[in-house]
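J.: What follows is entry-v2.csv; its format and atoms are CSV, C-alpha atoms.
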chain,number,residue,atom,x,y,z
A,3,ALA,CA,-14.9,7.8,5.2
A,4,GLN,CA,-12.2,5.6,6.6
A,5,THR,CA,-9.0,7.3,7.7
A,6,VAL,CA,-5.7,6.0,9.1
A,7,THR,CA,-3.4,8.1,11.3
A,8,GLN,CA,0.2,7.5,12.2
A,9,SER,CA,1.3,10.2,14.6
A,10,GLN,CA,5.0,9.2,14.7
A,11,PRO,CA,6.9,10.4,11.6
A,12,GLU,CA,10.2,8.9,13.0
A,13,MET,CA,11.2,6.4,15.6
A,14,SER,CA,14.5,5.0,16.6
A,15,VAL,CA,15.5,1.9,18.5
A,16,GLN,CA,18.7,0.2,19.6
A,17,GLU,CA,19.5,-3.1,18.1
A,18,ALA,CA,18.0,-6.0,20.2
A,19,GLU,CA,15.6,-3.6,21.9
A,20,THR,CA,11.8,-3.4,21.5
A,21,VAL,CA,9.9,-0.6,19.7
A,22,THR,CA,6.2,0.2,19.3
A,23,LEU,CA,4.7,2.0,16.3
A,24,SER,CA,1.3,3.6,16.7
A,25,CYS,CA,-1.7,3.6,14.4
A,26,THR,CA,-5.3,4.7,14.8
A,27,TYR,CA,-8.1,4.5,12.3
A,28,ASP,CA,-11.6,5.5,11.9
A,29,THR,CA,-14.4,3.5,10.3
A,30,SER,CA,-18.1,2.6,10.6
A,31,GLU,CA,-17.6,-0.9,9.5
A,32,SER,CA,-17.7,-3.8,12.0
A,33,ASP,CA,-15.7,-6.4,10.0
A,34,TYR,CA,-12.4,-5.4,8.3
A,35,TYR,CA,-8.7,-6.1,8.0
A,36,LEU,CA,-5.8,-4.1,9.2
A,37,PHE,CA,-2.2,-4.4,7.9
A,38,TRP,CA,1.3,-3.3,8.7
A,39,TYR,CA,3.5,-3.0,5.6
A,40,LYS,CA,7.3,-2.3,5.5
A,41,GLN,CA,8.9,-0.3,2.7
A,42,PRO,CA,12.7,-0.3,2.5
A,43,PRO,CA,14.5,2.1,0.2
A,44,SER,CA,14.0,-0.4,-2.6
A,45,ARG,CA,10.3,0.8,-2.6
A,46,GLN,CA,8.9,-2.7,-2.4
A,47,MET,CA,6.0,-2.9,0.0
A,48,ILE,CA,6.3,-6.0,2.1
A,49,LEU,CA,3.5,-7.3,4.3
A,50,VAL,CA,4.6,-7.6,8.0
A,51,ILE,CA,1.4,-8.6,9.7
A,52,ARG,CA,-2.3,-8.6,9.3
A,53,GLN,CA,-5.2,-8.5,11.8
A,54,GLU,CA,-8.8,-9.5,11.2
A,55,ALA,CA,-11.2,-7.3,13.1
A,56,TYR,CA,-13.5,-10.1,14.2
A,57,LYS,CA,-10.6,-11.9,15.9
A,58,GLN,CA,-10.0,-10.8,19.4
A,59,GLN,CA,-6.6,-12.4,19.6
A,60,ASN,CA,-3.7,-10.2,18.6
A,61,ALA,CA,-1.8,-11.4,15.5
A,62,THR,CA,1.9,-12.4,15.9
A,63,GLU,CA,4.5,-13.1,13.3
A,64,ASN,CA,7.9,-14.1,14.9
A,65,ARG,CA,9.3,-10.9,16.3
A,66,PHE,CA,6.3,-8.8,15.2
A,67,SER,CA,3.1,-8.5,17.1
A,68,VAL,CA,0.2,-6.1,17.2
A,69,ASN,CA,-1.9,-4.6,20.0
A,70,PHE,CA,-5.4,-4.4,18.4
A,71,GLN,CA,-7.9,-2.4,20.4
A,72,LYS,CA,-11.1,-2.4,18.4
A,73,ALA,CA,-13.2,-0.2,20.6
A,74,ALA,CA,-10.4,2.4,20.7
A,75,LYS,CA,-9.7,1.9,17.0
A,76,SER,CA,-6.0,1.4,17.7
A,77,PHE,CA,-3.6,-0.9,16.0
A,78,SER,CA,0.0,-0.7,17.1
A,79,LEU,CA,3.0,-2.7,15.9
A,80,LYS,CA,5.6,-4.0,18.4
A,81,ILE,CA,8.9,-5.1,17.0
A,82,SER,CA,10.9,-7.2,19.5
A,83,ASP,CA,14.7,-7.9,19.3
A,84,SER,CA,15.1,-5.2,16.7
A,85,GLN,CA,17.6,-5.9,13.9
A,86,LEU,CA,19.4,-3.6,11.6
A,87,GLY,CA,17.4,-5.0,8.7
A,88,ASP,CA,14.2,-3.7,10.3
A,89,ALA,CA,15.1,-0.1,9.4
A,90,ALA,CA,12.5,1.1,6.9
A,91,MET,CA,9.3,3.0,6.5
A,92,TYR,CA,6.4,1.3,8.1
A,93,PHE,CA,2.8,1.9,6.9
A,94,CYS,CA,-0.4,1.0,8.7
A,95,ALA,CA,-3.2,0.2,6.3
A,96,TYR,CA,-7.0,-0.4,6.5
A,97,ARG,CA,-8.7,-2.5,4.0
A,98,SER,CA,-12.0,-1.1,2.8
A,99,ARG,CA,-14.5,-3.3,0.9
A,100,ILE,CA,-17.7,-1.3,1.0
A,101,ASN,CA,-19.6,0.0,-2.0
A,102,ASN,CA,-18.1,-2.6,-4.3
A,103,THR,CA,-14.5,-1.5,-3.8
A,104,ASP,CA,-11.5,-3.3,-2.4
A,105,LYS,CA,-8.7,-0.9,-1.5
A,106,LEU,CA,-6.1,-0.2,1.1
A,107,ILE,CA,-6.1,3.2,2.9
A,108,PHE,CA,-2.6,4.0,4.2
A,109,GLY,CA,-1.3,6.2,6.9
A,110,THR,CA,1.5,8.6,6.3
A,111,GLY,CA,4.1,6.2,7.6
A,112,THR,CA,6.7,6.0,10.4
A,113,ARG,CA,10.4,5.9,9.5
A,114,LEU,CA,12.2,3.5,11.8
A,115,GLN,CA,15.9,3.8,12.4
A,116,VAL,CA,17.8,1.0,14.1
A,117,PHE,CA,21.1,1.8,15.8
A,118,PRO,CA,23.8,-0.8,16.5
B,15,GLY,CA,7.4,-17.9,-8.2
B,16,ALA,CA,7.5,-14.5,-10.0
B,17,GLY,CA,6.1,-11.5,-8.1
B,18,VAL,CA,4.4,-8.4,-9.4
B,19,SER,CA,6.6,-6.7,-12.0
B,20,GLN,CA,6.4,-3.1,-13.2
B,21,THR,CA,8.0,-1.4,-16.2
B,22,PRO,CA,9.7,0.9,-16.5
B,23,SER,CA,11.5,1.2,-13.2
B,24,ASN,CA,12.0,4.9,-13.8
B,25,LYS,CA,10.5,7.3,-16.3
B,26,VAL,CA,11.4,10.8,-17.0
B,27,THR,CA,9.2,12.8,-19.3
B,28,GLU,CA,8.5,16.4,-20.3
B,29,LYS,CA,5.5,18.3,-19.2
B,30,GLY,CA,2.6,17.8,-21.6
B,31,LYS,CA,3.8,14.4,-22.8
B,32,TYR,CA,1.9,11.1,-22.7
B,33,VAL,CA,3.2,8.1,-20.6
B,34,GLU,CA,2.2,4.5,-20.1
B,35,LEU,CA,3.1,2.5,-17.1
B,36,ARG,CA,2.9,-1.3,-17.2
B,37,CYS,CA,2.0,-3.8,-14.5
B,38,ASP,CA,2.4,-7.6,-14.7
B,39,PRO,CA,0.5,-9.2,-11.8
B,40,ILE,CA,1.1,-12.5,-10.2
B,41,SER,CA,-0.2,-15.3,-12.4
B,42,GLY,CA,-3.8,-16.2,-11.5
B,43,HIS,CA,-4.5,-13.1,-9.4
B,44,THR,CA,-7.8,-11.7,-10.5
B,45,ALA,CA,-7.6,-8.4,-8.6
B,46,LEU,CA,-5.2,-5.7,-9.6
B,47,TYR,CA,-4.7,-2.2,-8.0
B,48,TRP,CA,-2.9,1.0,-8.8
B,49,TYR,CA,-1.7,3.4,-6.1
B,50,ARG,CA,0.3,6.6,-6.3
B,51,GLN,CA,2.9,7.5,-3.6
B,52,SER,CA,4.1,11.1,-3.4
B,53,LEU,CA,7.3,11.9,-1.6
B,54,GLY,CA,6.9,11.5,2.1
B,55,GLN,CA,3.4,10.1,1.9
B,56,GLY,CA,1.7,6.8,2.1
B,57,PRO,CA,0.3,5.2,-1.1
B,58,GLU,CA,-3.0,6.6,-2.3
B,59,PHE,CA,-5.5,4.4,-4.1
B,60,LEU,CA,-6.2,5.1,-7.8
B,61,ILE,CA,-8.1,2.2,-9.3
B,62,TYR,CA,-9.1,-1.4,-8.6
B,63,PHE,CA,-9.7,-4.1,-11.3
B,64,GLN,CA,-11.6,-7.3,-10.8
B,65,GLY,CA,-10.8,-9.3,-13.9
B,66,THR,CA,-11.0,-7.0,-17.0
B,67,GLY,CA,-13.3,-4.4,-15.6
B,68,ALA,CA,-12.6,-1.5,-13.3
B,69,ALA,CA,-14.7,-2.1,-10.2
B,70,ASP,CA,-13.7,1.2,-8.6
B,71,ASP,CA,-11.9,4.1,-10.3
B,72,SER,CA,-12.8,6.7,-7.8
B,73,GLY,CA,-9.2,7.4,-6.9
B,74,LEU,CA,-8.2,8.6,-10.4
B,75,PRO,CA,-7.4,12.3,-9.9
B,76,ASN,CA,-8.9,13.6,-13.2
B,77,ASP,CA,-9.6,12.6,-16.8
B,78,ARG,CA,-6.0,12.7,-17.8
B,79,PHE,CA,-5.6,9.4,-16.0
B,80,PHE,CA,-6.9,6.1,-17.5
B,81,ALA,CA,-6.1,2.5,-16.9
B,82,VAL,CA,-6.9,-0.7,-18.8
B,83,ARG,CA,-6.7,-4.4,-18.2
B,84,PRO,CA,-8.0,-5.9,-21.5
B,85,GLU,CA,-7.3,-9.6,-20.9
B,86,GLY,CA,-7.6,-9.7,-17.1
B,87,SER,CA,-3.9,-9.9,-16.6
B,88,VAL,CA,-1.5,-7.1,-17.6
B,89,SER,CA,-2.6,-3.6,-16.8
B,90,THR,CA,-1.5,-0.3,-18.2
B,91,LEU,CA,-1.9,3.1,-16.5
B,92,LYS,CA,-2.0,5.9,-19.0
B,93,ILE,CA,-1.4,9.5,-18.2
B,94,GLN,CA,-2.1,12.2,-20.8
B,95,ARG,CA,-0.7,15.8,-20.9
B,96,THR,CA,1.5,15.1,-17.9
B,97,GLU,CA,2.0,17.8,-15.3
B,98,ARG,CA,4.8,18.3,-12.8
B,99,GLY,CA,2.4,17.4,-10.0
B,100,ASP,CA,2.1,13.9,-11.5
B,101,SER,CA,5.6,13.1,-10.4
B,102,ALA,CA,5.4,10.3,-7.9
B,103,VAL,CA,6.0,6.5,-7.5
B,104,TYR,CA,3.2,4.5,-9.1
B,105,LEU,CA,2.7,1.2,-7.3
B,106,CYS,CA,0.8,-1.8,-8.7
B,107,ALA,CA,-0.5,-4.6,-6.5
B,108,SER,CA,-2.4,-7.9,-7.1
B,109,SER,CA,-4.3,-10.3,-5.0
B,110,SER,CA,-6.4,-13.5,-5.3
B,111,LEU,CA,-10.1,-13.8,-4.6
B,112,TYR,CA,-9.8,-15.0,-1.0
B,113,SER,CA,-11.6,-12.4,1.2
B,114,GLY,CA,-8.6,-11.9,3.5
B,115,ALA,CA,-6.1,-11.9,0.7
B,116,GLU,CA,-2.9,-10.0,0.9
B,117,GLN,CA,-2.1,-7.4,-1.8
B,118,TYR,CA,1.3,-8.2,-3.3
B,119,PHE,CA,3.1,-5.1,-4.4
B,120,GLY,CA,5.4,-4.5,-7.3
B,121,PRO,CA,8.6,-2.3,-7.0
B,122,GLY,CA,6.9,0.7,-8.5
B,123,THR,CA,7.6,3.1,-11.3
B,124,ARG,CA,9.1,6.4,-10.4
B,125,LEU,CA,7.7,9.0,-12.7
B,126,THR,CA,9.4,12.4,-13.0
B,127,VAL,CA,7.8,15.1,-15.0
B,128,THR,CA,10.2,17.9,-15.9
For this file, write the structure as structure tokens.
T.:
Amino acid sequence: AQTVTQSQPEMSVQEAETVTLSCTYDTSESDYYLFWYKQPPSRQMILVIRQEAYKQQNATENRFSVNFQKAAKSFSLKISDSQLGDAAMYFCAYRSRINNTDKLIFGTGTRLQVFP
Amino acid sequence: GAGVSQTPSNKVTEKGKYVELRCDPISGHTALYWYRQSLGQGPEFLIYFQGTGAADDSGLPNDRFFAVRPEGSVSTLKIQRTERGDSAVYLCASSSLYSGAEQYFGPGTRLTVT
């Protein structure tokens, strides 16, 4: 079964600095998608960035980028030039599409605090 | 355009009561998902609809939980004989058929069973 592990319950960063959130996963599939979602106190899950496993190039979305290491099954999120609005829960998610399903498997999340 | 909406935003019910939670997906999205998020945890999958049918309901915890999507749009999650352990945020998401499609989430319904 696929699993997603986030080993950092909390992280903090100074405004304008860079922070990296860790995520590892386990799967027997060769083609899949990985996501980072942001969840502010409003509860709304917002997609930050996605990575397709067959693409070797790391995905980038403005200040957000990933370090995808397929062999190591690692998918970390780097936030550059951190802003106060980046403070939220961040969830790593694996998309499973085997056996006629289509579902996201989430990690337990990392709470990011941003200090001015 | 309108995103995924969920009603009610908050629901407080007594143990043993029946509740219904509603999800309105983004217009045209054929796939709809329900997740449950307990305090301090990531969302856990409950059920996945493709059109009107449940393609995967393996995440429903027991037979007190049931979900329908009769016309392939709005979905209702139904919980019978609620228990205090059912207290959680119930999230709904929808997506299009594209293989890499993002799941768009609603704001969730916070269910509290007293």
J.: Counting only C-alpha atoms, what is within 6 Å of segment 34-43 of chain B, bar same-chain residues fewer than 3 positions away, as a PyMOL selection string?
T.: chain B and resi 17-21+88-92+108-110
J.: So, with all atoms listed in the file as the atoms that count, which of A:Lys75, A:Arg45, A:Arg65, A:Glu17 lies closest to Gly122 of chain B?
T.: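 Of the candidates, the smallest distance to Gly122 of chain B is held by A:Arg45.
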J.: From the set A:Val116, A:Ala61, A:Met47, A:Asn102, which residue has the shortest atom-to-atom contact distance to Ala68 of chain B, counting only C-alpha atoms?
T.: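 Selected residue with least distance to Ala68 of chain B: A:Asn102.
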J.: Find the residue from A:Gln71, A:Asn64, A:Gln85, A:Gln59 that sits nearest to Leu114 of chain A; use all atoms listed in the file when measuring.
T.: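 Between A:Gln71, A:Asn64, A:Gln85, A:Gln59, the residue approaching Leu114 of chain A most closely is A:Gln85.
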J.: For the point (2.0, -8.0, 14.9) in the file's frame, write as a short mmCIF file (atom, residue, chain, number, x, y, z; two decimals) with C-alpha atoms, in the frame of the given file all residues with an atom no more than 8 Å away, counting all atoms listed in the file.
T.:
data_model
loop_
_atom_site.label_atom_id
_atom_site.label_comp_id
_atom_site.auth_asym_id
_atom_site.auth_seq_id
_atom_site.Cartn_x
_atom_site.Cartn_y
_atom_site.Cartn_z
CA TRP A 38 1.30 -3.30 8.70
CA VAL A 50 4.60 -7.60 8.00
CA ILE A 51 1.40 -8.60 9.70
CA ARG A 52 -2.30 -8.60 9.30
CA GLN A 53 -5.20 -8.50 11.80
CA ASN A 60 -3.70 -10.20 18.60
CA ALA A 61 -1.80 -11.40 15.50
CA THR A 62 1.90 -12.40 15.90
CA GLU A 63 4.50 -13.10 13.30
CA ARG A 65 9.30 -10.90 16.30
CA PHE A 66 6.30 -8.80 15.20
CA SER A 67 3.10 -8.50 17.10
CA VAL A 68 0.20 -6.10 17.20
CA ASN A 69 -1.90 -4.60 20.00
CA SER A 78 0.00 -0.70 17.10
CA LEU A 79 3.00 -2.70 15.90
CA LYS A 80 5.60 -4.00 18.40
CA ILE A 81 8.90 -5.10 17.00
#
J.: At a cut-off of 12 Å, list the chain A residues touching chain B, using all atoms listed in the file, as JSON, numbers by chain.
T.: {"A": [5, 6, 7, 8, 11, 12, 33, 34, 35, 36, 37, 38, 39, 40, 41, 42, 43, 44, 45, 46, 47, 48, 49, 50, 51, 52, 53, 54, 55, 56, 91, 92, 93, 94, 95, 96, 97, 98, 99, 100, 101, 102, 103, 104, 105, 106, 107, 108, 109, 110, 111, 112, 113]}
J.: Between atom CA of Phe77 of chain A and atom CA of Cys25 of chain A, what is the distance in Å, rounded to a tenth?
T.: 5.1 Å
J.: To one decimal in Å, tell me the separation between atom CA of Thr66 of chain B and atom CA of Cys106 of chain B.
T.: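 We find that atom CA of Thr66 of chain B and atom CA of Cys106 of chain B lie 15.3 Å from each other.
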J.: Give as a PDB file with C-alpha atoms, keeping the file's coordinate frame each residue that has an atom at most 9 Å from (4.6, 13.9, -22.7) in the file, counting all atoms listed in the file.
T.:
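Writing done, so here's part25.pdb:
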ATOM      1  CA  THR B  27       9.200  12.800 -19.300  1.00  0.00           C
ATOM      2  CA  GLU B  28       8.500  16.400 -20.300  1.00  0.00           C
ATOM      3  CA  LYS B  29       5.500  18.300 -19.200  1.00  0.00           C
ATOM      4  CA  GLY B  30       2.600  17.800 -21.600  1.00  0.00           C
ATOM      5  CA  LYS B  31       3.800  14.400 -22.800  1.00  0.00           C
ATOM      6  CA  TYR B  32       1.900  11.100 -22.700  1.00  0.00           C
ATOM      7  CA  VAL B  33       3.200   8.100 -20.600  1.00  0.00           C
ATOM      8  CA  ILE B  93      -1.400   9.500 -18.200  1.00  0.00           C
ATOM      9  CA  GLN B  94      -2.100  12.200 -20.800  1.00  0.00           C
ATOM     10  CA  ARG B  95      -0.700  15.800 -20.900  1.00  0.00           C
ATOM     11  CA  THR B  96       1.500  15.100 -17.900  1.00  0.00           C
ATOM     12  CA  GLU B  97       2.000  17.800 -15.300  1.00  0.00           C
ATOM     13  CA  VAL B 127       7.800  15.100 -15.000  1.00  0.00           C
TER      14      VAL B 127
END
J.: So how many Å separate atom CA of Ala90 of chain A and atom CA of Ser101 of chain B, to one decimal?
T.: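 We find that atom CA of Ala90 of chain A and atom CA of Ser101 of chain B lie 22.2 Å from each other.
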J.: Select, from A:Ala89, A:Ala3, A:Lys57, A:Pro118, the residue with the minimum atom-to-atom distance to Ala18 of chain A, counting all atoms listed in the file.
T.: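 Closest residue, counting all atoms listed in the file: A:Pro118.
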J.: Just add all heavy atoms to segment 62-73 of chain A and send it as a CSV table (one decimal), in the frame of the given file.
T.:
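As a result, rebuild.csv now contains:
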chain,number,residue,atom,x,y,z
A,62,THR,N,0.4,-12.3,15.6
A,62,THR,CA,1.9,-12.4,15.9
A,62,THR,C,2.5,-13.1,14.8
A,62,THR,O,2.0,-14.1,14.2
A,62,THR,CB,2.1,-13.2,17.2
A,62,THR,OG1,1.5,-12.6,18.3
A,62,THR,CG2,3.6,-13.3,17.5
A,63,GLU,N,3.7,-12.5,14.3
A,63,GLU,CA,4.5,-13.1,13.3
A,63,GLU,C,6.0,-13.0,13.8
A,63,GLU,O,6.6,-12.0,13.6
A,63,GLU,CB,4.3,-12.4,12.0
A,63,GLU,CG,3.0,-12.7,11.3
A,63,GLU,CD,2.9,-14.1,10.6
A,63,GLU,OE1,4.0,-14.7,10.5
A,63,GLU,OE2,1.8,-14.5,10.4
A,64,ASN,N,6.5,-14.1,14.4
A,64,ASN,CA,7.9,-14.1,14.9
A,64,ASN,C,8.1,-12.9,15.8
A,64,ASN,O,7.5,-12.8,16.8
A,64,ASN,CB,8.8,-14.1,13.7
A,64,ASN,CG,8.6,-15.3,12.8
A,64,ASN,OD1,8.5,-16.4,13.3
A,64,ASN,ND2,8.5,-15.1,11.5
A,65,ARG,N,9.0,-12.0,15.4
A,65,ARG,CA,9.3,-10.9,16.3
A,65,ARG,C,8.3,-9.7,16.2
A,65,ARG,O,8.4,-8.7,17.0
A,65,ARG,CB,10.7,-10.3,15.9
A,65,ARG,CG,11.9,-11.3,16.0
A,65,ARG,CD,13.2,-10.7,15.7
A,65,ARG,NE,13.3,-10.3,14.3
A,65,ARG,CZ,13.3,-9.0,13.9
A,65,ARG,NH1,13.1,-8.0,14.8
A,65,ARG,NH2,13.4,-8.8,12.6
A,66,PHE,N,7.3,-9.8,15.4
A,66,PHE,CA,6.3,-8.8,15.2
A,66,PHE,C,5.0,-9.2,15.8
A,66,PHE,O,4.5,-10.3,15.6
A,66,PHE,CB,6.2,-8.5,13.7
A,66,PHE,CG,7.4,-8.1,13.0
A,66,PHE,CD1,8.3,-9.0,12.5
A,66,PHE,CD2,7.7,-6.7,12.9
A,66,PHE,CE1,9.5,-8.6,11.8
A,66,PHE,CE2,8.9,-6.3,12.2
A,66,PHE,CZ,9.7,-7.2,11.7
A,67,SER,N,4.4,-8.3,16.5
A,67,SER,CA,3.1,-8.5,17.1
A,67,SER,C,2.3,-7.2,17.1
A,67,SER,O,2.9,-6.1,17.0
A,67,SER,CB,3.2,-9.1,18.5
A,67,SER,OG,3.9,-8.1,19.4
A,68,VAL,N,1.0,-7.3,17.2
A,68,VAL,CA,0.2,-6.1,17.2
A,68,VAL,C,-0.6,-6.1,18.5
A,68,VAL,O,-0.8,-7.1,19.2
A,68,VAL,CB,-0.8,-6.1,16.0
A,68,VAL,CG1,0.0,-6.0,14.7
A,68,VAL,CG2,-1.8,-7.2,16.1
A,69,ASN,N,-1.0,-4.9,18.9
A,69,ASN,CA,-1.9,-4.6,20.0
A,69,ASN,C,-3.1,-4.0,19.3
A,69,ASN,O,-3.2,-2.8,19.0
A,69,ASN,CB,-1.3,-3.7,21.0
A,69,ASN,CG,-2.2,-3.5,22.2
A,69,ASN,OD1,-3.3,-4.1,22.3
A,69,ASN,ND2,-1.9,-2.6,23.1
A,70,PHE,N,-4.2,-4.8,19.1
A,70,PHE,CA,-5.4,-4.4,18.4
A,70,PHE,C,-6.4,-4.1,19.5
A,70,PHE,O,-6.9,-5.0,20.2
A,70,PHE,CB,-5.8,-5.5,17.5
A,70,PHE,CG,-7.2,-5.2,16.8
A,70,PHE,CD1,-7.4,-4.0,16.2
A,70,PHE,CD2,-8.1,-6.2,16.8
A,70,PHE,CE1,-8.7,-3.8,15.6
A,70,PHE,CE2,-9.4,-6.0,16.2
A,70,PHE,CZ,-9.6,-4.8,15.6
A,71,GLN,N,-6.9,-2.8,19.5
A,71,GLN,CA,-7.9,-2.4,20.4
A,71,GLN,C,-9.1,-1.9,19.6
A,71,GLN,O,-9.1,-0.7,19.2
A,71,GLN,CB,-7.4,-1.3,21.4
A,71,GLN,CG,-6.2,-1.6,22.2
A,71,GLN,CD,-6.5,-2.6,23.3
A,71,GLN,OE1,-7.6,-2.6,23.8
A,71,GLN,NE2,-5.6,-3.5,23.6
A,72,LYS,N,-10.0,-2.8,19.4
A,72,LYS,CA,-11.1,-2.4,18.4
A,72,LYS,C,-11.9,-1.3,18.9
A,72,LYS,O,-12.3,-0.4,18.1
A,72,LYS,CB,-12.0,-3.7,18.2
A,72,LYS,CG,-13.0,-3.5,17.0
A,72,LYS,CD,-13.7,-4.8,16.7
A,72,LYS,CE,-14.6,-4.6,15.5
A,72,LYS,NZ,-15.3,-5.8,15.1
A,73,ALA,N,-12.3,-1.2,20.1
A,73,ALA,CA,-13.2,-0.2,20.6
A,73,ALA,C,-12.4,1.2,20.5
A,73,ALA,O,-13.1,2.2,20.2
A,73,ALA,CB,-13.6,-0.4,22.1
